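Content type compact mmCIF, C-alpha atoms, from the file coords.txt:
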```txt
# COMPACT_ATOMS: atom_id res chain seq x y z
CA MET A 866 -30.66 7.00 -12.99
CA TRP A 867 -33.40 9.57 -12.39
CA ALA A 868 -32.85 12.82 -10.60
CA GLY A 869 -33.60 12.35 -6.93
CA ASP A 870 -32.76 8.68 -6.93
CA PRO A 871 -30.22 7.68 -4.34
CA PRO A 872 -26.83 7.23 -6.01
CA VAL A 873 -26.39 3.81 -4.45
CA SER A 874 -29.00 1.10 -4.46
CA ASP A 875 -30.00 -0.50 -1.19
CA ASP A 876 -28.77 -3.91 -2.19
CA LEU A 877 -25.32 -2.55 -2.97
CA ARG A 878 -25.24 -0.75 0.34
CA GLN A 879 -26.17 -3.95 2.15
CA LEU A 880 -23.57 -5.83 0.19
CA VAL A 881 -20.93 -3.34 1.30
CA VAL A 882 -22.06 -3.62 4.91
CA ARG A 883 -21.69 -7.40 4.73
CA CYS A 884 -18.24 -7.01 3.19
CA LEU A 885 -17.25 -4.72 6.02
CA ALA A 886 -18.40 -7.36 8.45
CA GLY A 887 -15.88 -9.71 6.85
CA GLU A 888 -18.37 -11.94 5.04
CA GLN A 889 -16.48 -13.79 2.30
CA THR A 890 -19.51 -14.55 0.16
CA ALA A 891 -20.42 -10.88 0.08
CA MET A 892 -16.91 -9.99 -1.03
CA MET A 893 -17.15 -12.59 -3.75
CA GLN A 894 -20.47 -11.12 -4.90
CA LEU A 895 -19.04 -7.62 -4.94
CA VAL A 896 -16.10 -8.71 -7.09
CA GLU A 897 -18.34 -10.66 -9.46
CA ARG A 898 -20.70 -7.74 -9.80
CA PHE A 899 -18.08 -5.19 -10.78
CA ARG A 900 -15.35 -7.25 -12.36
CA GLY A 901 -16.59 -6.47 -15.89
CA PRO A 902 -16.25 -2.69 -15.77
CA VAL A 903 -13.05 -2.81 -13.74
CA PHE A 904 -11.38 -5.35 -16.01
CA GLY A 905 -12.67 -3.48 -19.07
CA LEU A 906 -11.12 -0.21 -17.96
CA CYS A 907 -7.85 -1.93 -17.08
CA TYR A 908 -7.76 -3.64 -20.45
CA ARG A 909 -8.36 -0.40 -22.30
CA MET A 910 -5.73 1.38 -20.24
CA LEU A 911 -3.06 -1.30 -20.40
CA GLY A 912 -3.81 -3.04 -23.67
CA GLN A 913 -2.77 -6.46 -22.41
CA ARG A 914 -4.92 -9.10 -20.87
CA GLN A 915 -2.51 -10.30 -18.21
CA ASP A 916 -1.56 -6.81 -17.09
CA ALA A 917 -5.22 -5.88 -17.03
CA GLU A 918 -6.05 -8.88 -14.88
CA ASP A 919 -3.26 -8.06 -12.42
CA ALA A 920 -4.37 -4.44 -12.19
CA ALA A 921 -8.01 -5.47 -11.75
CA GLN A 922 -7.05 -7.83 -8.93
CA GLU A 923 -5.03 -5.14 -7.19
CA THR A 924 -7.98 -2.81 -7.60
CA PHE A 925 -10.38 -5.14 -5.83
CA VAL A 926 -7.91 -5.90 -3.06
CA ARG A 927 -7.55 -2.16 -2.47
CA VAL A 928 -11.28 -1.64 -2.65
CA LEU A 929 -11.94 -4.34 -0.05
CA LYS A 930 -9.30 -2.89 2.23
CA SER A 931 -10.57 0.66 1.99
CA LEU A 932 -14.28 -0.05 1.72
CA ALA A 933 -14.89 1.63 5.06
CA ARG A 934 -13.68 4.90 3.58
CA TRP A 935 -16.20 4.91 0.74
CA ASP A 936 -18.77 7.67 1.17
CA GLN A 937 -22.11 5.90 0.85
CA GLU A 938 -23.78 9.10 -0.27
CA ARG A 939 -21.78 8.94 -3.48
CA ASP A 940 -21.99 6.56 -6.37
CA PHE A 941 -19.91 3.44 -5.98
CA GLU A 942 -18.80 2.79 -9.53
CA PRO A 943 -16.93 6.08 -10.18
CA TRP A 944 -15.05 5.53 -6.90
CA LEU A 945 -14.23 1.99 -7.92
CA LEU A 946 -13.13 2.99 -11.42
CA ALA A 947 -11.00 5.79 -10.00
CA ILE A 948 -9.08 3.22 -7.97
CA ALA A 949 -8.77 1.03 -11.06
CA GLY A 950 -7.43 4.00 -13.02
CA ASN A 951 -4.84 4.68 -10.34
CA ARG A 952 -3.73 1.04 -10.40
CA CYS A 953 -3.42 1.22 -14.17
CA ARG A 954 -1.30 4.35 -13.98
CA THR A 955 0.94 2.65 -11.44
CA ALA A 956 1.25 -0.35 -13.75
CA LEU A 957 2.09 1.91 -16.67
CA ALA A 958 4.72 3.69 -14.61
CA ARG A 959 6.20 0.31 -13.72
CA ARG A 960 6.26 -0.55 -17.36
CA GLY A 961 8.35 2.54 -17.95
CA ARG A 962 5.58 4.42 -19.72
CA ARG A 963 6.20 2.38 -22.82
CA PRO A 964 2.93 0.89 -23.98
CA ASN A 965 3.80 -2.62 -24.95
CA VAL A 966 1.35 -3.05 -27.74
CA GLN A 967 1.65 -5.75 -30.30
CA PRO A 968 0.80 -4.63 -33.81
CA LEU A 969 -2.80 -5.60 -34.10
CA ILE A 970 -3.08 -5.21 -37.84
CA ASP A 971 -0.50 -4.16 -40.35
CA ASN A 972 -2.79 -3.26 -43.18
CA VAL A 973 -6.44 -2.59 -43.25
CA PRO A 974 -7.76 -5.15 -45.67
CA ASN A 975 -9.30 -3.90 -48.86
CA GLY A 976 -11.66 -6.75 -49.28
CA ALA A 977 -15.24 -7.62 -49.04
CA PRO A 978 -17.10 -5.57 -46.47
CA ASP A 979 -17.71 -7.95 -43.64
CA MET A 980 -17.39 -8.13 -39.89
CA GLN A 981 -13.67 -8.61 -40.19
CA ALA A 982 -13.36 -5.00 -41.32
CA ALA A 983 -15.28 -3.81 -38.30
CA GLN A 984 -13.16 -5.88 -35.96
CA ASN A 985 -10.00 -4.61 -37.58
CA LEU A 986 -11.24 -1.09 -37.15
CA ALA A 987 -11.96 -1.74 -33.48
CA GLU A 988 -8.45 -3.08 -33.06
CA GLU A 989 -7.03 0.00 -34.72
CA VAL A 990 -9.02 2.19 -32.36
CA GLN A 991 -7.70 0.18 -29.42
CA ARG A 992 -4.19 0.57 -30.75
CA ALA A 993 -4.60 4.31 -31.20
CA LEU A 994 -6.02 4.52 -27.71
CA GLN A 995 -2.81 3.10 -26.28
CA LEU A 996 -0.81 5.88 -27.87
CA ILE A 997 -2.57 8.88 -26.39
CA ARG A 998 -1.95 10.38 -22.97
CA GLU A 999 -3.14 8.34 -19.99
CA GLU A 1000 -5.44 11.08 -18.74
CA TYR A 1001 -7.08 11.47 -22.13
CA ARG A 1002 -7.43 7.72 -22.46
CA GLN A 1003 -8.98 7.23 -19.05
CA ALA A 1004 -11.40 10.11 -19.48
CA PHE A 1005 -12.37 8.94 -22.97
CA VAL A 1006 -12.96 5.33 -21.91
CA LEU A 1007 -14.92 6.33 -18.82
CA PHE A 1008 -17.10 8.66 -20.86
CA HIS A 1009 -17.68 6.72 -24.07
CA GLU A 1010 -17.41 3.14 -22.91
CA HIS A 1011 -18.49 3.22 -19.27
CA GLN A 1012 -21.05 5.95 -19.88
CA LEU A 1013 -20.01 7.99 -16.85
CA SER A 1014 -20.98 11.65 -16.92
CA TYR A 1015 -18.39 14.40 -17.01
CA ALA A 1016 -19.27 15.27 -13.42
CA GLU A 1017 -18.76 11.68 -12.27
CA ILE A 1018 -15.45 11.43 -14.08
CA GLY A 1019 -14.32 14.71 -12.56
CA GLU A 1020 -15.23 13.46 -9.13
CA ALA A 1021 -13.47 10.17 -9.68
CA LEU A 1022 -10.32 11.70 -11.08
CA GLY A 1023 -10.32 14.65 -8.71
CA CYS A 1024 -10.31 17.31 -11.38
CA PRO A 1025 -12.73 19.99 -12.59
CA LEU A 1026 -15.47 19.18 -15.04
CA GLY A 1027 -13.97 21.52 -17.64
CA THR A 1028 -10.70 19.63 -17.52
CA VAL A 1029 -12.49 16.34 -18.10
CA LYS A 1030 -14.31 17.80 -21.08
CA THR A 1031 -11.06 19.05 -22.53
CA TRP A 1032 -9.43 15.66 -22.05
CA VAL A 1033 -12.27 13.82 -23.77
CA HIS A 1034 -12.30 16.29 -26.69
CA ARG A 1035 -8.54 16.02 -27.11
CA ALA A 1036 -8.73 12.26 -26.89
CA ARG A 1037 -11.21 12.22 -29.79
CA SER A 1038 -9.08 14.57 -31.86
CA GLU A 1039 -5.88 12.62 -31.24
CA LEU A 1040 -7.56 9.31 -31.94
CA ILE A 1041 -8.77 10.57 -35.28
CA GLN A 1042 -5.35 11.97 -36.09
CA ARG A 1043 -3.72 8.64 -35.35
CA LEU A 1044 -6.31 6.72 -37.33
CA GLN A 1045 -5.66 9.05 -40.24
CA GLN A 1046 -1.89 8.61 -39.89
CA ARG A 1047 -2.37 4.87 -40.09
CA GLY A 1048 -4.49 5.30 -43.19
CA VAL A 1049 -7.40 3.74 -41.37
CA VAL A 1050 -9.87 6.54 -41.95
CA GLN A 1051 -9.55 6.62 -45.71
CA GLU A 1052 -9.36 2.90 -46.21
CA SER A 1053 -11.98 1.85 -43.75
CA ARG A 1054 -14.55 4.32 -44.87
CA TYR A 1055 -15.84 2.17 -47.67
CA ALA A 1056 -15.65 -1.07 -45.78
CA MET A 1057 -17.49 0.25 -42.74
CA ARG A 1058 -20.30 1.73 -44.76
CA GLN A 1059 -21.09 -1.72 -46.02
CA VAL A 1060 -21.28 -3.32 -42.58
CA MET B 1280 -23.17 27.43 -41.06
CA GLN B 1281 -19.54 28.25 -40.52
CA CYS B 1282 -16.86 25.68 -39.78
CA ASP B 1283 -16.31 26.82 -36.18
CA LYS B 1284 -20.01 26.46 -35.47
CA PHE B 1285 -19.91 23.06 -37.12
CA GLU B 1286 -17.16 21.98 -34.73
CA ALA B 1287 -18.97 23.38 -31.70
CA ARG B 1288 -22.14 21.55 -32.63
CA LEU B 1289 -20.18 18.38 -33.34
CA HIS B 1290 -18.71 18.36 -29.83
CA GLU B 1291 -22.05 19.23 -28.32
CA LEU B 1292 -23.58 16.17 -29.93
CA LEU B 1293 -20.66 13.97 -28.94
CA ASP B 1294 -20.95 15.17 -25.36
CA ARG B 1295 -24.55 13.99 -25.42
CA ARG B 1296 -23.33 10.70 -26.89
CA SER B 1297 -25.29 11.31 -30.09
CA ARG B 1298 -23.98 10.24 -33.45
CA PRO B 1299 -23.09 13.46 -35.31
CA GLU B 1300 -23.42 11.99 -38.77
CA ARG B 1301 -27.15 11.65 -38.14
CA ASP B 1302 -27.57 15.36 -37.50
CA ASP B 1303 -29.15 17.13 -40.49
CA VAL B 1304 -27.49 20.49 -39.82
CA LEU B 1305 -24.03 18.98 -39.71
CA ARG B 1306 -24.64 16.88 -42.77
CA ALA B 1307 -25.87 19.89 -44.71
CA HIS B 1308 -22.71 21.81 -43.90
CA ALA B 1309 -20.49 18.83 -44.61
CA LEU B 1310 -21.90 18.59 -48.14
CA SER B 1311 -20.56 22.03 -48.93
CA CYS B 1312 -17.27 21.76 -46.98
CA PRO B 1313 -14.86 18.92 -47.82
CA GLU B 1314 -12.77 19.45 -44.65
CA CYS B 1315 -15.76 19.24 -42.35
CA GLN B 1316 -16.99 16.30 -44.38
CA GLN B 1317 -13.75 14.53 -43.60
CA VAL B 1318 -14.01 15.34 -39.88
CA LEU B 1319 -17.54 14.04 -39.78
CA GLU B 1320 -16.59 10.83 -41.51
CA ALA B 1321 -13.62 10.33 -39.20
CA GLN B 1322 -15.82 10.75 -36.14
CA GLU B 1323 -18.29 8.32 -37.58
CA LEU B 1324 -15.53 5.82 -38.11
CA LEU B 1325 -14.17 6.25 -34.61
CA PHE B 1326 -17.53 5.50 -33.06
CA ASP B 1327 -18.10 2.62 -35.42
CA GLY B 1328 -14.86 1.22 -34.06
CA LEU B 1329 -16.02 1.79 -30.49
CA GLU B 1330 -19.23 -0.11 -31.16
CA PHE B 1331 -17.20 -3.12 -32.15
CA PHE B 1332 -14.86 -2.80 -29.22
CA GLU B 1333 -14.34 -6.16 -27.68
CA CYS B 1334 -13.08 -6.80 -24.23
CA PRO B 1335 -11.98 -10.25 -23.08
CA GLU B 1336 -13.37 -11.66 -19.89
CA PRO B 1337 -11.13 -12.07 -16.87
CA SER B 1338 -10.24 -15.62 -15.95
CA PRO B 1339 -13.02 -17.69 -14.32
CA ASP B 1340 -11.35 -17.86 -10.91
CA PHE B 1341 -10.78 -14.12 -10.82
CA ALA B 1342 -12.88 -13.48 -7.71
CA GLY B 1343 -11.28 -16.39 -5.88
CA ARG B 1344 -7.82 -15.05 -6.58
CA VAL B 1345 -8.80 -11.61 -5.36
CA LEU B 1346 -10.00 -13.06 -2.08
CA SER B 1347 -6.86 -15.15 -1.71
CA GLN B 1348 -4.79 -11.96 -2.00
CA TYR B 1349 -6.98 -9.99 0.36
CA GLN B 1350 -5.97 -9.84 3.99
CA PRO B 1351 -8.36 -8.04 6.28
CA PRO B 1352 -6.89 -4.86 7.70
CA GLN B 1353 -5.58 -5.07 11.26
CA PRO B 1354 -7.72 -3.44 13.93
CA VAL B 1355 -6.57 0.03 14.86
CA THR B 1356 -5.53 -1.03 18.35
CA ASN B 1357 -3.19 -3.64 16.91
CA ARG B 1358 -1.69 -1.11 14.55
CA ILE B 1359 -1.12 1.36 17.38
CA ARG B 1360 0.41 -1.36 19.48
CA THR B 1361 2.69 -2.37 16.63
CA ALA B 1362 3.71 1.23 16.06
CA VAL B 1363 4.48 1.70 19.76
CA ILE B 1364 6.60 -1.43 19.75
CA ALA B 1365 8.46 -0.24 16.68
CA VAL B 1366 9.16 3.17 18.19
CA GLY B 1367 10.20 1.56 21.45
CA ALA B 1368 12.55 -0.77 19.63
CA VAL B 1369 14.25 2.08 17.86
CA ALA B 1370 14.48 4.08 21.06
CA ALA B 1371 15.90 1.15 23.00
CA ALA B 1372 18.46 0.44 20.30
CA LEU B 1373 19.50 4.08 20.28
CA LEU B 1374 19.81 4.12 24.04
CA LEU B 1375 22.06 1.11 23.93
CA LEU B 1376 24.31 2.88 21.50
CA VAL B 1377 24.22 6.31 23.06
CA ILE B 1378 24.71 5.52 26.75
CA PRO B 1379 28.23 4.15 26.42
CA MET B 1380 29.17 7.01 24.14
CA LEU B 1381 27.86 9.59 26.57
CA ARG B 1382 29.93 8.02 29.23
CA GLY B 1383 32.88 8.33 26.91
CA GLY B 1384 34.33 4.94 27.47
CA GLY B 1385 32.43 2.95 24.92
CA GLY B 1386 30.82 -0.30 25.82
CA GLN B 1387 31.66 -3.87 25.47
CA PHE B 1388 29.89 -7.10 25.85
CA ASP B 1389 31.19 -9.48 28.32
CA ASN B 1390 30.77 -12.82 26.73
CA GLY B 1391 31.81 -14.79 29.70
CA ALA B 1392 30.01 -18.00 30.22
CA SER B 1393 28.69 -17.11 33.61
CA ASN B 1394 27.72 -13.49 32.97
CA SER B 1395 26.91 -12.20 29.53
CA SER B 1396 25.67 -8.85 30.70
CA LEU B 1397 26.66 -5.47 29.39
CA VAL B 1398 29.58 -3.87 31.19
CA THR B 1399 30.08 -0.16 30.96
CA THR B 1400 33.48 1.21 31.74
CA ASN B 1401 34.03 4.30 33.74
CA SER B 1402 34.84 7.28 31.61
CA VAL B 1403 36.41 9.35 34.34
CA ASN B 1404 38.67 6.78 35.83
CA THR B 1405 40.19 4.60 33.24
CA ARG B 1406 42.70 2.80 35.36
CA ASP B 1407 42.33 -0.89 35.53
CA ASP B 1408 41.82 -0.89 39.25
CA GLN B 1409 38.86 1.47 39.07
CA PRO B 1410 35.45 0.03 39.60
CA THR B 1411 33.26 -0.90 36.72
CA ILE B 1412 29.54 -0.79 36.82
CA LYS B 1413 28.26 -4.26 36.82
CA PRO B 1414 24.65 -4.76 36.18
CA ASN B 1415 23.97 -7.61 38.48
CA ALA B 1416 24.46 -5.55 41.58
CA ILE B 1417 26.07 -2.22 41.09
CA GLU B 1418 29.20 -2.08 43.11
CA ASN B 1419 29.30 0.52 45.74
CA ILE B 1420 31.60 3.23 44.54
CA PRO B 1421 34.05 5.07 46.81
CA SER B 1422 32.58 8.37 47.78
CA PRO B 1423 33.37 11.10 50.27
CA SER B 1424 31.07 9.46 52.78
CA ASN B 1425 32.35 6.02 52.05
CA PRO B 1426 35.99 6.30 51.10
CA VAL B 1427 36.59 2.62 51.10
CA GLY B 1428 33.76 1.62 48.97
CA LEU B 1429 31.96 -1.59 49.53
CA ILE B 1430 32.05 -4.25 46.95
CA ALA B 1431 28.72 -5.84 46.45
CA ASP B 1432 28.56 -9.33 47.65
CA GLU B 1433 26.56 -11.89 45.74
CA SER B 1434 24.96 -12.85 48.98
CA LEU B 1435 23.56 -9.35 49.27
CA ALA B 1436 21.74 -9.61 46.00
CA ARG B 1437 18.08 -9.17 46.45
CA THR B 1438 15.88 -12.09 45.94
CA SER B 1439 12.78 -10.05 45.08
CA PRO B 1440 12.66 -8.38 41.68
CA PHE B 1441 10.57 -5.57 43.12
CA VAL B 1442 12.94 -3.03 44.56
CA ASP B 1443 13.10 0.63 45.18
CA ALA B 1444 14.93 2.04 42.23
CA GLN B 1445 16.76 4.68 44.22
CA ASP B 1446 18.30 2.07 46.48
CA GLU B 1447 20.40 0.70 43.72
CA ILE B 1448 21.80 3.92 42.38
CA PRO B 1449 25.07 5.26 43.72
CA ALA B 1450 24.99 8.94 44.52
CA ASP B 1451 28.49 9.85 43.45
CA ASP B 1452 28.32 12.28 40.55
CA ASN B 1453 31.96 11.72 39.77
CA ILE B 1454 31.27 8.22 38.79
CA LEU B 1455 27.73 8.28 37.43
CA SER B 1456 26.13 11.15 35.68
CA SER B 1457 22.75 12.32 36.85
CA GLU B 1458 21.24 11.44 33.46
CA TYR B 1459 22.42 7.92 33.80
CA ARG B 1460 21.01 7.62 37.28
CA GLU B 1461 17.67 8.95 36.12
CA LEU B 1462 17.68 6.56 33.26
CA ILE B 1463 18.40 3.65 35.51
CA ALA B 1464 15.67 4.80 37.87
CA VAL B 1465 13.10 5.04 35.11
CA TRP B 1466 13.97 1.69 33.68
CA THR B 1467 13.96 0.06 37.08
CA GLU B 1468 10.55 1.49 37.82
CA GLN B 1469 9.28 0.28 34.51
CA LEU B 1470 10.73 -3.08 35.13
CA ASN B 1471 8.98 -3.30 38.46
CA LEU B 1472 5.67 -2.71 36.73
CA ILE B 1473 6.14 -5.74 34.55
CA PRO B 1474 5.47 -9.06 36.16
CA SER B 1475 8.63 -11.05 36.05
CA ASP B 1476 6.97 -13.95 34.32
CA GLN B 1477 5.49 -11.85 31.50
CA GLN B 1478 6.73 -12.88 28.11
CA MET B 1479 7.14 -10.73 25.03
CA GLU B 1480 4.90 -11.42 22.09
CA PRO B 1481 6.55 -14.11 19.98
CA VAL B 1482 8.25 -12.57 16.99
CA ASP B 1483 6.64 -14.96 14.56
CA GLN B 1484 3.22 -13.60 15.49
CA ILE B 1485 4.15 -10.15 14.30
CA SER B 1486 3.61 -9.10 10.71
CA GLY B 1487 6.53 -9.77 8.41
CA GLY B 1488 7.65 -6.20 7.84
CA LEU B 1489 8.02 -5.51 11.54
CA ARG B 1490 9.81 -8.69 12.49
CA PRO B 1491 13.35 -7.29 12.23
CA ILE B 1492 12.34 -4.36 14.41
CA ALA B 1493 10.60 -6.64 16.87
CA THR B 1494 13.65 -8.87 17.02
CA SER B 1495 15.91 -5.87 17.64
CA PHE B 1496 13.51 -4.66 20.26
CA SER B 1497 13.46 -8.00 21.98
CA VAL B 1498 17.25 -8.23 22.03
CA ALA B 1499 17.54 -4.65 23.24
CA ILE B 1500 15.08 -5.18 26.05
CA ASN B 1501 16.83 -8.32 27.19
CA LEU B 1502 20.16 -6.55 27.20
CA LEU B 1503 18.73 -3.63 29.11
CA ARG B 1504 17.16 -5.90 31.63
CA ARG B 1505 20.48 -7.51 32.23
CA THR B 1506 22.11 -4.12 32.50
CA LEU B 1507 19.74 -2.91 35.18
CA PRO B 1508 20.51 -3.58 38.80
CA VAL B 1509 17.67 -5.98 39.34
CA GLY B 1510 16.89 -6.76 35.76
CA LYS B 1511 19.43 -9.45 35.21
CA GLU B 1512 17.91 -12.77 34.70
CA GLN B 1513 19.11 -15.27 37.14
CA PRO B 1514 21.23 -17.84 35.41
CA PRO B 1515 19.49 -21.13 35.25
CA GLN B 1516 20.28 -22.94 38.36
CA LYS B 1517 21.66 -26.34 38.06
CA PRO B 1518 19.37 -28.86 39.53
CA GLN B 1519 20.44 -30.11 42.80
CA ALA B 1520 22.12 -33.37 42.43
CA GLY B 1521 19.16 -35.18 43.67
CA ILE B 1522 20.31 -38.63 44.33
CA LEU B 1523 17.38 -40.81 44.48
CA PRO B 1524 17.25 -43.16 47.26
CA GLY B 1525 18.73 -46.38 46.16
CA SER B 1526 20.51 -44.86 43.19
CA ALA B 1527 24.22 -44.29 43.18
CA ASP B 1528 24.34 -42.36 39.92
CA PRO B 1529 23.18 -38.70 40.17
CA ALA B 1530 22.36 -38.67 36.51
CA VAL B 1531 19.70 -41.25 36.85
```

Let me see whether you can do it: turn the structure in this file into structure tokens.
Amino acid sequence: MWAGDPPVSDDLRQLVVRCLAGEQTAMMQLVERFRGPVFGLCYRMLGQRQDAEDAAQETFVRVLKSLARWDQERDFEPWLLAIAGNRCRTALARRGRRPNVQPLIDNVPNGAPDMQAAQNLAEEVQRALQLIREEYRQAFVLFHEHQLSYAEIGEALGCPLGTVKTWVHRARSELIQRLQQRGVVQESRYAMRQV
Amino acid sequence: MQCDKFEARLHELLDRRSRPERDDVLRAHALSCPECQQVLEAQELLFDGLEFFECPEPSPDFAGRVLSQYQPPQPVTNRIRTAVIAVGAVAAALLLLVIPMLRGGGGQFDNGASNSSLVTTNSVNTRDDQPTIKPNAIENIPSPSNPVGLIADESLARTSPFVDAQDEIPADDNILSSEYRELIAVWTEQLNLIPSDQQMEPVDQISGGLRPIATSFSVAINLLRRTLPVGKEQPPQKPQAGILPGSADPAV
């Protein structure tokens, strides 16, 4: 997005207007358009497909109900992802703050450098992500995966930009620590260089 | 370059979403510092992992299920109306409980077949021969101006539901407190404003969470109506035994 561009495209604004008028097809289009990022964030936050799907559904139901309260001068996606983040935190609280993560890999394979090593590494990162604080996780995912700026994340989470920066930095540090504890850093180094 | 500057530059690059291992300055320092070399490699690995992050797709009917769960919000007027009904229900229920207590004698429901209205006993005079306030037509109570006291006759009952509230309220403070009289007056006035054939909103048309309140409200209102002097519903009148010409059996 270039400086000076309106934060919300005209077609999205029209889509929202149609949703507010109760048009079912417009609601369907809105869900289809944003289901990827919403489900992606929920999956990263919750680590389970079914939980992520439930949280994503709740997110869209909430969004449709409170669409009239969205400030059209502000970007839509950070607002949407903020609601998704809140739903995920509620789901985690329901779960008793115990991330129910299945062991993705027990040992990083010392084998031929192939795509399997890269996928295993990605799974280890996902696993480590589940073990850090929710705030760090959300900020990290929004910044590095959803490409939101620090300012947008701060606006979405309702906290200062400096706090968001700190959370993202700490998330990186903790992720690396956990990868090192699992022996992933040392053992994957060689394999990843070959990919 | 010192290690603290290395770290500051590393975060600066990460904040710009650049890959730090491609930065010449950082790489030069990392060659001479094993610890920073390890940090750089770990960061590289982390972002390699992120590049291979996979996210499953939600189920194909995801949007359909969202819409099936979504119920459009009620208009504000409906919500206000519902809230007013809820508050009214609570208030009416409280009134039903509090009035007999204020009068000190407690209340009881007369479950007689012919008259199921609420009967409130007199708190001052508890003897059996003292008058009780009957809702159908409040009995005239003995007073200084009327020492005998007239007992209301069914034949004197008004046929019109629209009455002057003050007419029905005895003036004897010994028997009825002023609060009670005011209450009766207010309710009677309110009752007069409602057309007699107006029905309450059916309970099953009210949202699920408010149904118990609405039911309580409905019961409370009906009881109050029966309690009021002119609010009692007339018992359904038995049809006149219309014997059709030529028929000997009235049931035919």

Best match for closeness to chain A among B:Leu1346, B:Leu1289, B:Cys1282, B:Val1304, counting only C-alpha atoms |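 Ranking B:Leu1346, B:Leu1289, B:Cys1282, B:Val1304 by distance to chain A, first place goes to B:Leu1346.
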
Among listed residues B:Pro1299, B:Gly1367, B:Pro1337, B:Gly1487, nearest Asp919 (chain A) (using all atoms listed in the file) |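 The closest residue to Asp919 (chain A) is B:Pro1337.
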
Could you state the separation of CA of Ser1014 (chain A) and CA of Gln937 (chain A) in Å, given to one decimal place?
->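 So the two atoms, CA of Ser1014 (chain A) and CA of Gln937 (chain A), lie 18.7 Å apart.
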
Cut-off 10 Å around (-0.1, 2.3, -12.5) with all atoms listed in the file: residues as a PyMOL selection string | chain A and resi 907+910-911+920+949-960+962

Written selection (C-alpha atoms) as a PDB file, in the coordinates of the input:
```
ATOM      1  CA  CYS A 907      -7.850  -1.930 -17.080  1.00  0.00           C
ATOM      2  CA  MET A 910      -5.730   1.380 -20.240  1.00  0.00           C
ATOM      3  CA  LEU A 911      -3.060  -1.300 -20.400  1.00  0.00           C
ATOM      4  CA  ALA A 920      -4.370  -4.440 -12.190  1.00  0.00           C
ATOM      5  CA  ALA A 949      -8.770   1.030 -11.060  1.00  0.00           C
ATOM      6  CA  GLY A 950      -7.430   4.000 -13.020  1.00  0.00           C
ATOM      7  CA  ASN A 951      -4.840   4.680 -10.340  1.00  0.00           C
ATOM      8  CA  ARG A 952      -3.730   1.040 -10.400  1.00  0.00           C
ATOM      9  CA  CYS A 953      -3.420   1.220 -14.170  1.00  0.00           C
ATOM     10  CA  ARG A 954      -1.300   4.350 -13.980  1.00  0.00           C
ATOM     11  CA  THR A 955       0.940   2.650 -11.440  1.00  0.00           C
ATOM     12  CA  ALA A 956       1.250  -0.350 -13.750  1.00  0.00           C
ATOM     13  CA  LEU A 957       2.090   1.910 -16.670  1.00  0.00           C
ATOM     14  CA  ALA A 958       4.720   3.690 -14.610  1.00  0.00           C
ATOM     15  CA  ARG A 959       6.200   0.310 -13.720  1.00  0.00           C
ATOM     16  CA  ARG A 960       6.260  -0.550 -17.360  1.00  0.00           C
ATOM     17  CA  ARG A 962       5.580   4.420 -19.720  1.00  0.00           C
TER      18      ARG A 962
END
```

Between CA of Gly961 (chain A) and CA of Ile948 (chain A), what is the spacing in Å?
->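 Those two atoms sit 20.1 Å apart.
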
CA of Arg1035 (chain A) to CA of Glu999 (chain A), straight-line distance in Å = 11.8 Å

Selected residue, from A:Trp1032, A:Arg1043, A:Asp916, A:Gly1019, that lies nearest to Pro943 (chain A) when counting all atoms listed in the file =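 Among A:Trp1032, A:Arg1043, A:Asp916, A:Gly1019, it is A:Gly1019 that comes nearest to Pro943 (chain A).
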
Could you pull out every residue with an atom within 6 Å of (-17.8, -0.4, -10.8), file coordinates, counting only C-alpha atoms, and send them as a PyMOL selection string?
-> chain A and resi 899+902+942+945-946
